[in-house]
$ cat model.cif   # mmCIF, C-alpha atoms and all ligand atoms
data_input
#
loop_
_atom_site.group_PDB
_atom_site.id
_atom_site.type_symbol
_atom_site.label_atom_id
_atom_site.label_comp_id
_atom_site.auth_asym_id
_atom_site.auth_seq_id
_atom_site.Cartn_x
_atom_site.Cartn_y
_atom_site.Cartn_z
ATOM 1 C CA MET N 24 0.000 0.000 0.000
ATOM 2 C CA ARG N 25 1.472 3.333 -1.053
ATOM 3 C CA LYS N 26 1.214 6.145 1.479
ATOM 4 C CA VAL N 27 -0.338 9.313 0.071
ATOM 5 C CA LEU N 28 2.138 12.188 -0.339
ATOM 6 C CA LEU N 29 0.993 15.788 -0.638
ATOM 7 C CA ALA N 30 3.882 18.095 -1.438
ATOM 8 C CA GLY N 31 3.472 21.875 -1.564
ATOM 9 C CA ASN N 32 5.730 23.501 -4.133
ATOM 10 C CA TRP N 33 5.926 27.114 -3.026
ATOM 11 C CA LYS N 34 8.028 28.089 -6.055
ATOM 12 C CA MET N 35 9.453 31.647 -5.671
ATOM 13 C CA ASN N 36 6.930 32.731 -3.046
ATOM 14 C CA LYS N 37 6.854 33.617 0.651
ATOM 15 C CA SER N 38 9.509 34.963 2.987
ATOM 16 C CA VAL N 39 10.688 34.206 6.510
ATOM 17 C CA ARG N 40 8.127 36.509 8.080
ATOM 18 C CA ASP N 41 5.272 34.449 6.572
ATOM 19 C CA LEU N 42 6.321 31.161 8.136
ATOM 20 C CA ASP N 43 4.881 31.368 11.656
ATOM 21 C CA ALA N 44 1.443 32.298 10.398
ATOM 22 C CA TYR N 45 1.554 29.606 7.717
ATOM 23 C CA PHE N 46 2.519 26.677 9.920
ATOM 24 C CA ASP N 47 0.223 27.785 12.749
ATOM 25 C CA ALA N 48 -2.720 28.005 10.357
ATOM 26 C CA LEU N 49 -1.840 24.634 8.838
ATOM 27 C CA GLN N 50 -1.669 22.989 12.239
ATOM 28 C CA GLN N 51 -4.923 24.572 13.324
ATOM 29 C CA ALA N 52 -6.709 23.478 10.175
ATOM 30 C CA LEU N 53 -5.491 19.890 10.570
ATOM 31 C CA GLY N 54 -6.563 20.062 14.200
ATOM 32 C CA SER N 55 -7.361 16.912 16.109
ATOM 33 C CA GLN N 56 -6.736 14.695 13.079
ATOM 34 C CA ALA N 57 -2.989 15.351 13.145
ATOM 35 C CA SER N 58 -1.943 11.929 14.458
ATOM 36 C CA THR N 59 -4.250 9.990 12.085
ATOM 37 C CA ILE N 60 -2.880 12.051 9.238
ATOM 38 C CA ALA N 61 0.705 11.250 10.168
ATOM 39 C CA GLN N 62 -0.047 7.548 9.761
ATOM 40 C CA LYS N 63 -1.823 7.841 6.439
ATOM 41 C CA VAL N 64 -0.460 10.886 4.629
ATOM 42 C CA ASP N 65 3.024 12.292 4.163
ATOM 43 C CA ILE N 66 2.989 16.089 4.131
ATOM 44 C CA CYS N 67 5.863 17.904 2.459
ATOM 45 C CA ILE N 68 6.728 21.555 1.908
ATOM 46 C CA ALA N 69 9.144 22.696 -0.813
ATOM 47 C CA PRO N 70 10.101 26.326 -0.204
ATOM 48 C CA ALA N 71 12.785 28.427 -1.886
ATOM 49 C CA PHE N 72 16.417 27.770 -0.879
ATOM 50 C CA THR N 73 16.558 30.717 1.530
ATOM 51 C CA LEU N 74 13.550 29.377 3.438
ATOM 52 C CA LEU N 75 14.783 25.822 3.865
ATOM 53 C CA ALA N 76 16.681 26.331 7.128
ATOM 54 C CA PRO N 77 13.976 28.514 8.740
ATOM 55 C CA CYS N 78 11.299 26.005 7.659
ATOM 56 C CA ARG N 79 13.362 23.150 9.107
ATOM 57 C CA GLN N 80 13.265 24.955 12.462
ATOM 58 C CA LYS N 81 9.541 25.688 12.279
ATOM 59 C CA ILE N 82 8.580 22.114 11.438
ATOM 60 C CA ALA N 83 10.776 20.532 14.121
ATOM 61 C CA GLY N 84 8.632 17.994 15.955
ATOM 62 C CA ARG N 85 5.860 18.164 13.355
ATOM 63 C CA PRO N 86 5.251 15.374 10.853
ATOM 64 C CA ILE N 87 6.172 17.479 7.847
ATOM 65 C CA LEU N 88 8.861 16.630 5.315
ATOM 66 C CA LEU N 89 11.068 19.243 3.681
ATOM 67 C CA ALA N 90 12.005 19.385 0.013
ATOM 68 C CA ALA N 91 14.207 21.639 -2.106
ATOM 69 C CA GLN N 92 12.976 22.756 -5.515
ATOM 70 C CA ASN N 93 16.197 22.024 -7.400
ATOM 71 C CA ALA N 94 19.851 21.125 -6.898
ATOM 72 C CA HIS N 95 23.065 20.909 -8.869
ATOM 73 C CA PHE N 96 24.481 17.446 -9.499
ATOM 74 C CA ALA N 97 28.088 18.344 -8.651
ATOM 75 C CA GLN N 98 29.263 18.156 -5.055
ATOM 76 C CA ASP N 99 30.911 21.576 -5.262
ATOM 77 C CA GLY N 100 32.780 23.729 -7.742
ATOM 78 C CA ALA N 101 32.605 26.827 -9.924
ATOM 79 C CA PHE N 102 28.852 26.960 -10.519
ATOM 80 C CA THR N 103 27.838 30.480 -9.512
ATOM 81 C CA GLY N 104 24.318 30.689 -8.185
ATOM 82 C CA GLU N 105 23.839 26.961 -7.770
ATOM 83 C CA VAL N 106 23.255 24.837 -4.666
ATOM 84 C CA SER N 107 24.573 21.287 -4.331
ATOM 85 C CA LEU N 108 22.894 18.238 -2.837
ATOM 86 C CA LYS N 109 25.668 18.138 -0.267
ATOM 87 C CA MET N 110 24.664 21.632 0.870
ATOM 88 C CA LEU N 111 21.037 20.555 1.055
ATOM 89 C CA GLN N 112 22.069 17.726 3.340
ATOM 90 C CA ASP N 113 23.304 20.348 5.811
ATOM 91 C CA ILE N 114 19.751 21.634 6.262
ATOM 92 C CA PRO N 115 18.822 18.690 6.011
ATOM 93 C CA VAL N 116 16.128 18.215 3.404
ATOM 94 C CA ASP N 117 14.279 14.933 2.818
ATOM 95 C CA LEU N 118 13.400 15.259 -0.848
ATOM 96 C CA VAL N 119 14.418 17.317 -3.889
ATOM 97 C CA ILE N 120 12.131 18.300 -6.758
ATOM 98 C CA LEU N 121 14.033 17.683 -9.998
ATOM 99 C CA GLY N 122 13.188 18.450 -13.606
ATOM 100 C CA HIS N 123 10.198 20.660 -12.861
ATOM 101 C CA SER N 124 8.778 21.976 -16.130
ATOM 102 C CA GLU N 125 9.607 25.554 -15.118
ATOM 103 C CA ARG N 126 13.267 24.491 -14.804
ATOM 104 C CA ARG N 127 13.086 22.810 -18.197
ATOM 105 C CA GLN N 128 11.248 25.719 -19.821
ATOM 106 C CA TYR N 129 12.979 28.795 -18.366
ATOM 107 C CA PHE N 130 16.392 27.394 -17.458
ATOM 108 C CA ASN N 131 16.857 25.004 -20.364
ATOM 109 C CA GLU N 132 17.279 21.851 -18.293
ATOM 110 C CA THR N 133 17.462 18.841 -20.555
ATOM 111 C CA ASP N 134 16.451 15.247 -19.883
ATOM 112 C CA GLU N 135 20.152 14.438 -19.571
ATOM 113 C CA ASP N 136 20.678 17.182 -16.964
ATOM 114 C CA VAL N 137 17.735 15.865 -14.997
ATOM 115 C CA GLY N 138 19.160 12.343 -15.218
ATOM 116 C CA LYS N 139 22.485 13.499 -13.759
ATOM 117 C CA LYS N 140 20.639 15.184 -10.904
ATOM 118 C CA VAL N 141 18.538 12.091 -10.204
ATOM 119 C CA ASP N 142 21.674 9.942 -10.145
ATOM 120 C CA ALA N 143 23.464 12.274 -7.720
ATOM 121 C CA CYS N 144 20.378 12.603 -5.541
ATOM 122 C CA VAL N 145 19.790 8.858 -5.157
ATOM 123 C CA ALA N 146 23.524 8.266 -4.639
ATOM 124 C CA GLN N 147 23.434 10.741 -1.762
ATOM 125 C CA SER N 148 20.376 9.134 -0.185
ATOM 126 C CA LEU N 149 18.070 12.036 -0.897
ATOM 127 C CA VAL N 150 14.744 11.287 -2.538
ATOM 128 C CA PRO N 151 14.119 12.954 -5.905
ATOM 129 C CA ILE N 152 10.630 14.003 -6.939
ATOM 130 C CA LEU N 153 11.211 13.557 -10.661
ATOM 131 C CA CYS N 154 8.805 15.739 -12.662
ATOM 132 C CA VAL N 155 7.673 14.817 -16.146
ATOM 133 C CA GLY N 156 4.858 16.017 -18.360
ATOM 134 C CA GLU N 157 3.933 17.083 -21.866
ATOM 135 C CA THR N 158 3.176 20.569 -23.225
ATOM 136 C CA LEU N 159 -0.157 21.466 -24.780
ATOM 137 C CA ASP N 160 1.306 21.248 -28.290
ATOM 138 C CA GLU N 161 2.694 17.803 -27.544
ATOM 139 C CA ARG N 162 -0.676 16.627 -26.219
ATOM 140 C CA LYS N 163 -2.472 18.033 -29.264
ATOM 141 C CA ALA N 164 0.000 16.210 -31.509
ATOM 142 C CA ASN N 165 -0.732 12.945 -29.656
ATOM 143 C CA LYS N 166 2.809 12.839 -28.330
ATOM 144 C CA THR N 167 1.992 12.619 -24.623
ATOM 145 C CA PHE N 168 3.151 9.028 -24.149
ATOM 146 C CA GLU N 169 6.216 9.452 -26.341
ATOM 147 C CA VAL N 170 7.354 12.556 -24.422
ATOM 148 C CA VAL N 171 6.657 11.133 -20.972
ATOM 149 C CA LYS N 172 8.412 7.884 -21.882
ATOM 150 C CA ARG N 173 11.519 9.739 -23.023
ATOM 151 C CA GLN N 174 11.572 11.968 -19.933
ATOM 152 C CA VAL N 175 11.159 9.028 -17.546
ATOM 153 C CA LEU N 176 13.608 6.674 -19.241
ATOM 154 C CA VAL N 177 16.375 9.237 -19.773
ATOM 155 C CA ALA N 178 16.087 10.533 -16.196
ATOM 156 C CA LEU N 179 16.176 6.991 -14.789
ATOM 157 C CA LYS N 180 18.825 5.655 -17.158
ATOM 158 C CA GLY N 181 21.456 5.524 -14.425
ATOM 159 C CA GLN N 182 19.268 3.691 -11.919
ATOM 160 C CA ALA N 183 19.929 0.022 -11.224
ATOM 161 C CA PRO N 184 17.134 -2.585 -11.174
ATOM 162 C CA SER N 185 17.804 -2.873 -7.435
ATOM 163 C CA LEU N 186 16.355 0.614 -6.789
ATOM 164 C CA GLN N 187 13.945 0.477 -3.853
ATOM 165 C CA PRO N 188 10.494 2.081 -4.045
ATOM 166 C CA HIS N 189 11.147 4.550 -1.224
ATOM 167 C CA GLN N 190 14.196 5.945 -3.035
ATOM 168 C CA ILE N 191 12.247 7.890 -5.646
ATOM 169 C CA VAL N 192 8.976 9.710 -6.267
ATOM 170 C CA ILE N 193 7.654 10.607 -9.719
ATOM 171 C CA ALA N 194 5.356 13.557 -10.425
ATOM 172 C CA TYR N 195 3.272 13.685 -13.584
ATOM 173 C CA GLU N 196 2.644 17.348 -14.291
ATOM 174 C CA PRO N 197 1.105 18.154 -17.662
ATOM 175 C CA VAL N 198 2.617 21.542 -18.517
ATOM 176 C CA TRP N 199 -0.727 22.815 -19.830
ATOM 177 C CA ALA N 200 -2.260 22.301 -16.391
ATOM 178 C CA ILE N 201 0.418 24.030 -14.303
ATOM 179 C CA GLY N 202 -0.754 27.353 -12.929
ATOM 180 C CA THR N 203 -3.472 27.597 -15.572
ATOM 181 C CA GLY N 204 -6.501 26.566 -13.537
ATOM 182 C CA VAL N 205 -7.086 23.780 -16.074
ATOM 183 C CA THR N 206 -6.650 20.408 -14.399
ATOM 184 C CA ALA N 207 -6.274 17.121 -16.217
ATOM 185 C CA THR N 208 -9.437 15.073 -15.780
ATOM 186 C CA ASP N 209 -9.173 12.162 -13.378
ATOM 187 C CA GLU N 210 -9.148 9.805 -16.359
ATOM 188 C CA GLN N 211 -6.521 11.755 -18.325
ATOM 189 C CA ALA N 212 -4.234 11.764 -15.306
ATOM 190 C CA GLN N 213 -4.825 8.102 -14.432
ATOM 191 C CA GLU N 214 -4.074 7.059 -18.002
ATOM 192 C CA VAL N 215 -0.625 8.644 -17.902
ATOM 193 C CA HIS N 216 0.071 7.487 -14.334
ATOM 194 C CA ALA N 217 -0.696 3.895 -15.357
ATOM 195 C CA PHE N 218 1.581 4.317 -18.357
ATOM 196 C CA ILE N 219 4.410 5.576 -16.130
ATOM 197 C CA ARG N 220 3.902 2.657 -13.742
ATOM 198 C CA GLY N 221 4.195 0.342 -16.727
ATOM 199 C CA LEU N 222 7.538 1.928 -17.634
ATOM 200 C CA LEU N 223 8.691 1.480 -14.040
ATOM 201 C CA THR N 224 7.625 -2.174 -14.136
ATOM 202 C CA GLU N 225 9.697 -2.783 -17.255
ATOM 203 C CA LYS N 226 12.711 -1.169 -15.661
ATOM 204 C CA PHE N 227 12.512 -2.212 -12.018
ATOM 205 C CA GLY N 228 10.061 -5.113 -11.913
ATOM 206 C CA GLN N 229 6.507 -5.232 -10.656
ATOM 207 C CA LYS N 230 7.177 -5.271 -6.929
ATOM 208 C CA THR N 231 9.272 -2.094 -7.015
ATOM 209 C CA SER N 232 6.993 -0.363 -9.492
ATOM 210 C CA GLU N 233 3.971 -0.994 -7.296
ATOM 211 C CA GLY N 234 5.716 0.652 -4.378
ATOM 212 C CA ILE N 235 6.811 3.847 -6.156
ATOM 213 C CA ARG N 236 4.605 6.857 -5.538
ATOM 214 C CA ILE N 237 3.435 8.792 -8.573
ATOM 215 C CA LEU N 238 2.029 12.245 -7.787
ATOM 216 C CA TYR N 239 -0.202 14.383 -9.965
ATOM 217 C CA GLY N 240 0.568 18.091 -10.371
ATOM 218 C CA GLY N 241 -1.104 20.883 -12.319
ATOM 219 C CA SER N 242 -3.842 23.079 -10.811
ATOM 220 C CA ALA N 243 -4.573 20.470 -8.143
ATOM 221 C CA LYS N 244 -6.750 22.054 -5.463
ATOM 222 C CA ALA N 245 -9.113 21.177 -2.653
ATOM 223 C CA ASP N 246 -12.033 20.939 -5.084
ATOM 224 C CA ASN N 247 -10.517 18.394 -7.436
ATOM 225 C CA ILE N 248 -8.048 16.395 -5.347
ATOM 226 C CA VAL N 249 -10.521 13.762 -4.126
ATOM 227 C CA GLY N 250 -11.347 12.548 -7.634
ATOM 228 C CA LEU N 251 -7.684 12.473 -8.574
ATOM 229 C CA LEU N 252 -6.666 10.593 -5.429
ATOM 230 C CA ASN N 253 -9.348 8.005 -6.027
ATOM 231 C CA GLN N 254 -7.580 6.910 -9.182
ATOM 232 C CA LYS N 255 -5.666 3.675 -8.796
ATOM 233 C CA ASP N 256 -2.240 4.981 -9.789
ATOM 234 C CA ILE N 257 -2.411 8.494 -8.314
ATOM 235 C CA ASP N 258 -0.651 8.484 -4.974
ATOM 236 C CA GLY N 259 -0.715 12.144 -4.062
ATOM 237 C CA GLY N 260 -0.130 15.609 -5.412
ATOM 238 C CA LEU N 261 2.580 18.121 -6.165
ATOM 239 C CA VAL N 262 0.647 21.273 -5.397
ATOM 240 C CA GLY N 263 1.704 24.761 -6.420
ATOM 241 C CA GLY N 264 -0.725 27.664 -5.987
ATOM 242 C CA ALA N 265 -3.124 25.883 -3.622
ATOM 243 C CA SER N 266 -0.301 24.974 -1.221
ATOM 244 C CA LEU N 267 0.397 28.657 -0.565
ATOM 245 C CA LYS N 268 -2.903 28.855 1.306
ATOM 246 C CA PRO N 269 -2.630 26.800 4.499
ATOM 247 C CA ASP N 270 -6.403 26.290 4.827
ATOM 248 C CA GLU N 271 -6.739 24.946 1.326
ATOM 249 C CA PHE N 272 -3.608 22.810 1.596
ATOM 250 C CA ALA N 273 -4.947 21.374 4.869
ATOM 251 C CA ARG N 274 -8.219 20.474 3.136
ATOM 252 C CA MET N 275 -6.226 18.636 0.496
ATOM 253 C CA ILE N 276 -4.238 16.780 3.155
ATOM 254 C CA LEU N 277 -7.463 15.756 4.877
ATOM 255 C CA SER N 278 -8.732 14.480 1.515
ATOM 256 C CA GLY N 279 -5.688 12.208 1.491
ATOM 257 C CA LEU N 280 -7.281 10.314 4.378
ATOM 258 C CA ARG N 281 -10.127 9.359 2.090
ATOM 259 C CA LYS N 282 -8.015 7.685 -0.578
ATOM 260 C CA VAL N 283 -9.473 4.257 -1.190
HETATM 261 P P1 LIG N 301 0.053 24.526 -9.718
HETATM 262 O O1 LIG N 301 1.605 24.115 -9.801
HETATM 263 O O2 LIG N 301 -0.577 23.637 -8.675
HETATM 264 O O3 LIG N 301 0.052 25.973 -9.296
HETATM 265 O O4 LIG N 301 -0.535 24.320 -11.060
HETATM 266 C C1 LIG N 301 1.994 22.775 -9.686
HETATM 267 C C2 LIG N 301 3.483 22.668 -9.891
HETATM 268 O O5 LIG N 301 4.030 23.401 -10.732
HETATM 269 O O6 LIG N 301 4.163 21.859 -9.225
#

$ encode --input "model.cif" --output "structure tokens" --more "lines below"
Ligand code: PGA
Amino acid sequence: MRKVLLAGNWKMNKSVRDLDAYFDALQQALGSQASTIAQKVDICIAPAFTLLAPCRQKIAGRPILLAAQNAHFAQDGAFTGEVSLKMLQDIPVDLVILGHSERRQYFNETDEDVGKKVDACVAQSLVPILCVGETLDERKANKTFEVVKRQVLVALKGQAPSLQPHQIVIAYEPVWAIGTGVTATDEQAQEVHAFIRGLLTEKFGQKTSEGIRILYGGSAKADNIVGLLNQKDIDGGLVGGASLKPDEFARMILSGLRKV
């Protein structure tokens, strides 16, 4: 049984002075259900680099995981403006979002770059949230499966068949759904999630593939998360805009309890 994971990707939002109010409101909204939630749902926050250490302090003692939004694959070196996985281990973070479509689109990250990052991340015992997903043009041209297959297989090329399910998380995020208010239908998302699980089965075998969590991302919100989570191969969400609002994010986390 895969444990639901709801990860809030704050992107380039919020500052240190927002944190107390955010985590207090989140805790209040989760209220008396907090211990049940901890058993059934993993909660994760992915803030900007500058907020990682302050968030780590604020969440101490709370069942909340911490993720970075990116990392460089090298341990150290002349890479101005970059942050290494080794540095993230100082915080420490639990997970690292890699290959987000905004990184691919605005910062020209290639499948090969993402693969190097995944390799370094797994080698350093951090858990990547590997993001894949097609653009609107690719979907219209019926290239969704071809694109997702390439993104998944290139990024996982360096992974051995012995990879364990807890060592990686995949996020399917159709680019046309990110920040647009247009969500993939439950069926559209499930279809691609099942396809990704099939790719994982071919590469790692059925047992491992059935243990790997595949999140949906792209305008996921409190109003549509239940239907998405009820799909067989959707194991949680990578949530952008809606995770900035603690009340709404808490409603989504509570929906995670209802996953069948
Ligand atoms: P969104 O972003 O929920 O605001 O669409 C999701 C993401 O980019 O991870």

$ residues_around --input "model.cif" --residues "Gly138 (chain N)" --least-positions-apart "2" --cutoff "8 Å" --atoms "all atoms listed in the file" --output "PyMOL selection string"
chain N and resi 134-136+140-142+177-181

$ atom_distance --input "model.cif" --atom1 "CA of Asp209 (chain N)" --atom2 "CA of Gly156 (chain N)"
15.4 Å

$ closest_residue --input "model.cif" --among "N:Gln182, N:Ser124, N:Ser232, N:Asn93" --to "ligand LIG 301 (chain N)" --atoms "all atoms listed in the file"
N:Ser124

$ residues_near_ligand --input "model.cif" --ligand "ligand LIG 301 (chain N)" --cutoff "9 Å" --atoms "all atoms listed in the file" --output "ChimeraX atom specification"
/N:30-34,123-125,154,194,196,198-206,239-244,260-266

$ residues_around --input "model.cif" --residues "Ala143 (chain N)" --least-positions-apart "6" --cutoff "8 Å" --atoms "all atoms listed in the file" --output "number ranges by chain"
N: 96-97, 108

$ resolve_selection --input "model.cif" --expression "the PyMOL selection byres (((chain N and resi 187) around 10) and not hetatm)" --output "list in words"
Ala183, Pro184, Ser185, Leu186, Pro188, His189, Gln190, Ile191, Phe227, Lys230, Thr231, Ser232, Gly234 and Ile235 of chain N

$ write_last_selection --input "model.cif" --atoms "C-alpha atoms" --output "CSV table (one decimal), in the coordinates of the input"
chain,number,residue,atom,x,y,z
N,183,ALA,CA,19.9,0.0,-11.2
N,184,PRO,CA,17.1,-2.6,-11.2
N,185,SER,CA,17.8,-2.9,-7.4
N,186,LEU,CA,16.4,0.6,-6.8
N,188,PRO,CA,10.5,2.1,-4.0
N,189,HIS,CA,11.1,4.6,-1.2
N,190,GLN,CA,14.2,5.9,-3.0
N,191,ILE,CA,12.2,7.9,-5.6
N,227,PHE,CA,12.5,-2.2,-12.0
N,230,LYS,CA,7.2,-5.3,-6.9
N,231,THR,CA,9.3,-2.1,-7.0
N,232,SER,CA,7.0,-0.4,-9.5
N,234,GLY,CA,5.7,0.7,-4.4
N,235,ILE,CA,6.8,3.8,-6.2

$ resolve_selection --input "model.cif" --expression "the PyMOL selection byres (((chain N and resi 82-85) around 10) and not hetatm)" --output "PDB file with C-alpha atoms, in the frame of the given file"
ATOM      1  CA  LEU N  42       6.321  31.161   8.136  1.00  0.00           C
ATOM      2  CA  ASP N  43       4.881  31.368  11.656  1.00  0.00           C
ATOM      3  CA  PHE N  46       2.519  26.677   9.920  1.00  0.00           C
ATOM      4  CA  GLN N  50      -1.669  22.989  12.239  1.00  0.00           C
ATOM      5  CA  ALA N  57      -2.989  15.351  13.145  1.00  0.00           C
ATOM      6  CA  ALA N  61       0.705  11.250  10.168  1.00  0.00           C
ATOM      7  CA  ILE N  66       2.989  16.089   4.131  1.00  0.00           C
ATOM      8  CA  ILE N  68       6.728  21.555   1.908  1.00  0.00           C
ATOM      9  CA  PRO N  77      13.976  28.514   8.740  1.00  0.00           C
ATOM     10  CA  CYS N  78      11.299  26.005   7.659  1.00  0.00           C
ATOM     11  CA  ARG N  79      13.362  23.150   9.107  1.00  0.00           C
ATOM     12  CA  GLN N  80      13.265  24.955  12.462  1.00  0.00           C
ATOM     13  CA  LYS N  81       9.541  25.688  12.279  1.00  0.00           C
ATOM     14  CA  PRO N  86       5.251  15.374  10.853  1.00  0.00           C
ATOM     15  CA  ILE N  87       6.172  17.479   7.847  1.00  0.00           C
ATOM     16  CA  LEU N  88       8.861  16.630   5.315  1.00  0.00           C
ATOM     17  CA  LEU N  89      11.068  19.243   3.681  1.00  0.00           C
TER      18      LEU N  89
END

$ atom_distance --input "model.cif" --atom1 "CA of Ala273 (chain N)" --atom2 "CA of Leu49 (chain N)"
6.0 Å

$ atom_distance --input "model.cif" --atom1 "CA of Thr158 (chain N)" --atom2 "CA of Arg127 (chain N)"
11.3 Å

$ residues_near_point --input "model.cif" --point "(14.7, 18.3, 0.7)" --cutoff "8 Å" --atoms "only C-alpha atoms" --output "MDAnalysis selection string"
chainID N and resid 69 88:92 111:112 115:120 149:150

$ resolve_selection --input "model.cif" --expression "the PyMOL selection byres (((chain N and resi 27) around 7) and not hetatm)" --output "JSON, numbers by chain"
{"N": [25, 26, 28, 29, 63, 64, 65, 258, 259, 279]}

$ write_last_selection --input "model.cif" --atoms "C-alpha atoms" --output "PDB file, keeping the file's coordinate frame"
ATOM      1  CA  ARG N  25       1.472   3.333  -1.053  1.00  0.00           C
ATOM      2  CA  LYS N  26       1.214   6.145   1.479  1.00  0.00           C
ATOM      3  CA  LEU N  28       2.138  12.188  -0.339  1.00  0.00           C
ATOM      4  CA  LEU N  29       0.993  15.788  -0.638  1.00  0.00           C
ATOM      5  CA  LYS N  63      -1.823   7.841   6.439  1.00  0.00           C
ATOM      6  CA  VAL N  64      -0.460  10.886   4.629  1.00  0.00           C
ATOM      7  CA  ASP N  65       3.024  12.292   4.163  1.00  0.00           C
ATOM      8  CA  ASP N 258      -0.651   8.484  -4.974  1.00  0.00           C
ATOM      9  CA  GLY N 259      -0.715  12.144  -4.062  1.00  0.00           C
ATOM     10  CA  GLY N 279      -5.688  12.208   1.491  1.00  0.00           C
TER      11      GLY N 279
END

$ closest_residue --input "model.cif" --among "N:Leu121, N:Ile248, N:Leu153, N:Leu53" --to "Arg236 (chain N)" --atoms "only C-alpha atoms"
N:Leu153

$ closest_residue --input "model.cif" --among "N:Pro197, N:Lys109, N:Val175, N:Ala71" --to "Val137 (chain N)" --atoms "all atoms listed in the file"
N:Val175

$ closest_residue --input "model.cif" --among "N:Ala245, N:Pro151, N:Cys67, N:Gly250" --to "Lys139 (chain N)" --atoms "all atoms listed in the file"
N:Pro151

$ axis_aligned_box --input "model.cif" --around "region 239-258 of chain N" --padding-each-side "3 Å" --output "JSON"
{"center_x": -5.7, "center_y": 13.4, "center_z": -7.5, "size_x": 18.6, "size_y": 25.4, "size_z": 15.7}

$ closest_residue --input "model.cif" --among "N:Leu223, N:Leu251, N:Ala207, N:Leu159" --to "Arg281 (chain N)" --atoms "all atoms listed in the file"
N:Leu251

$ closest_residue --input "model.cif" --among "N:Leu280, N:Arg173, N:Glu233, N:Ala164" --to "Ser58 (chain N)" --atoms "all atoms listed in the file"
N:Leu280
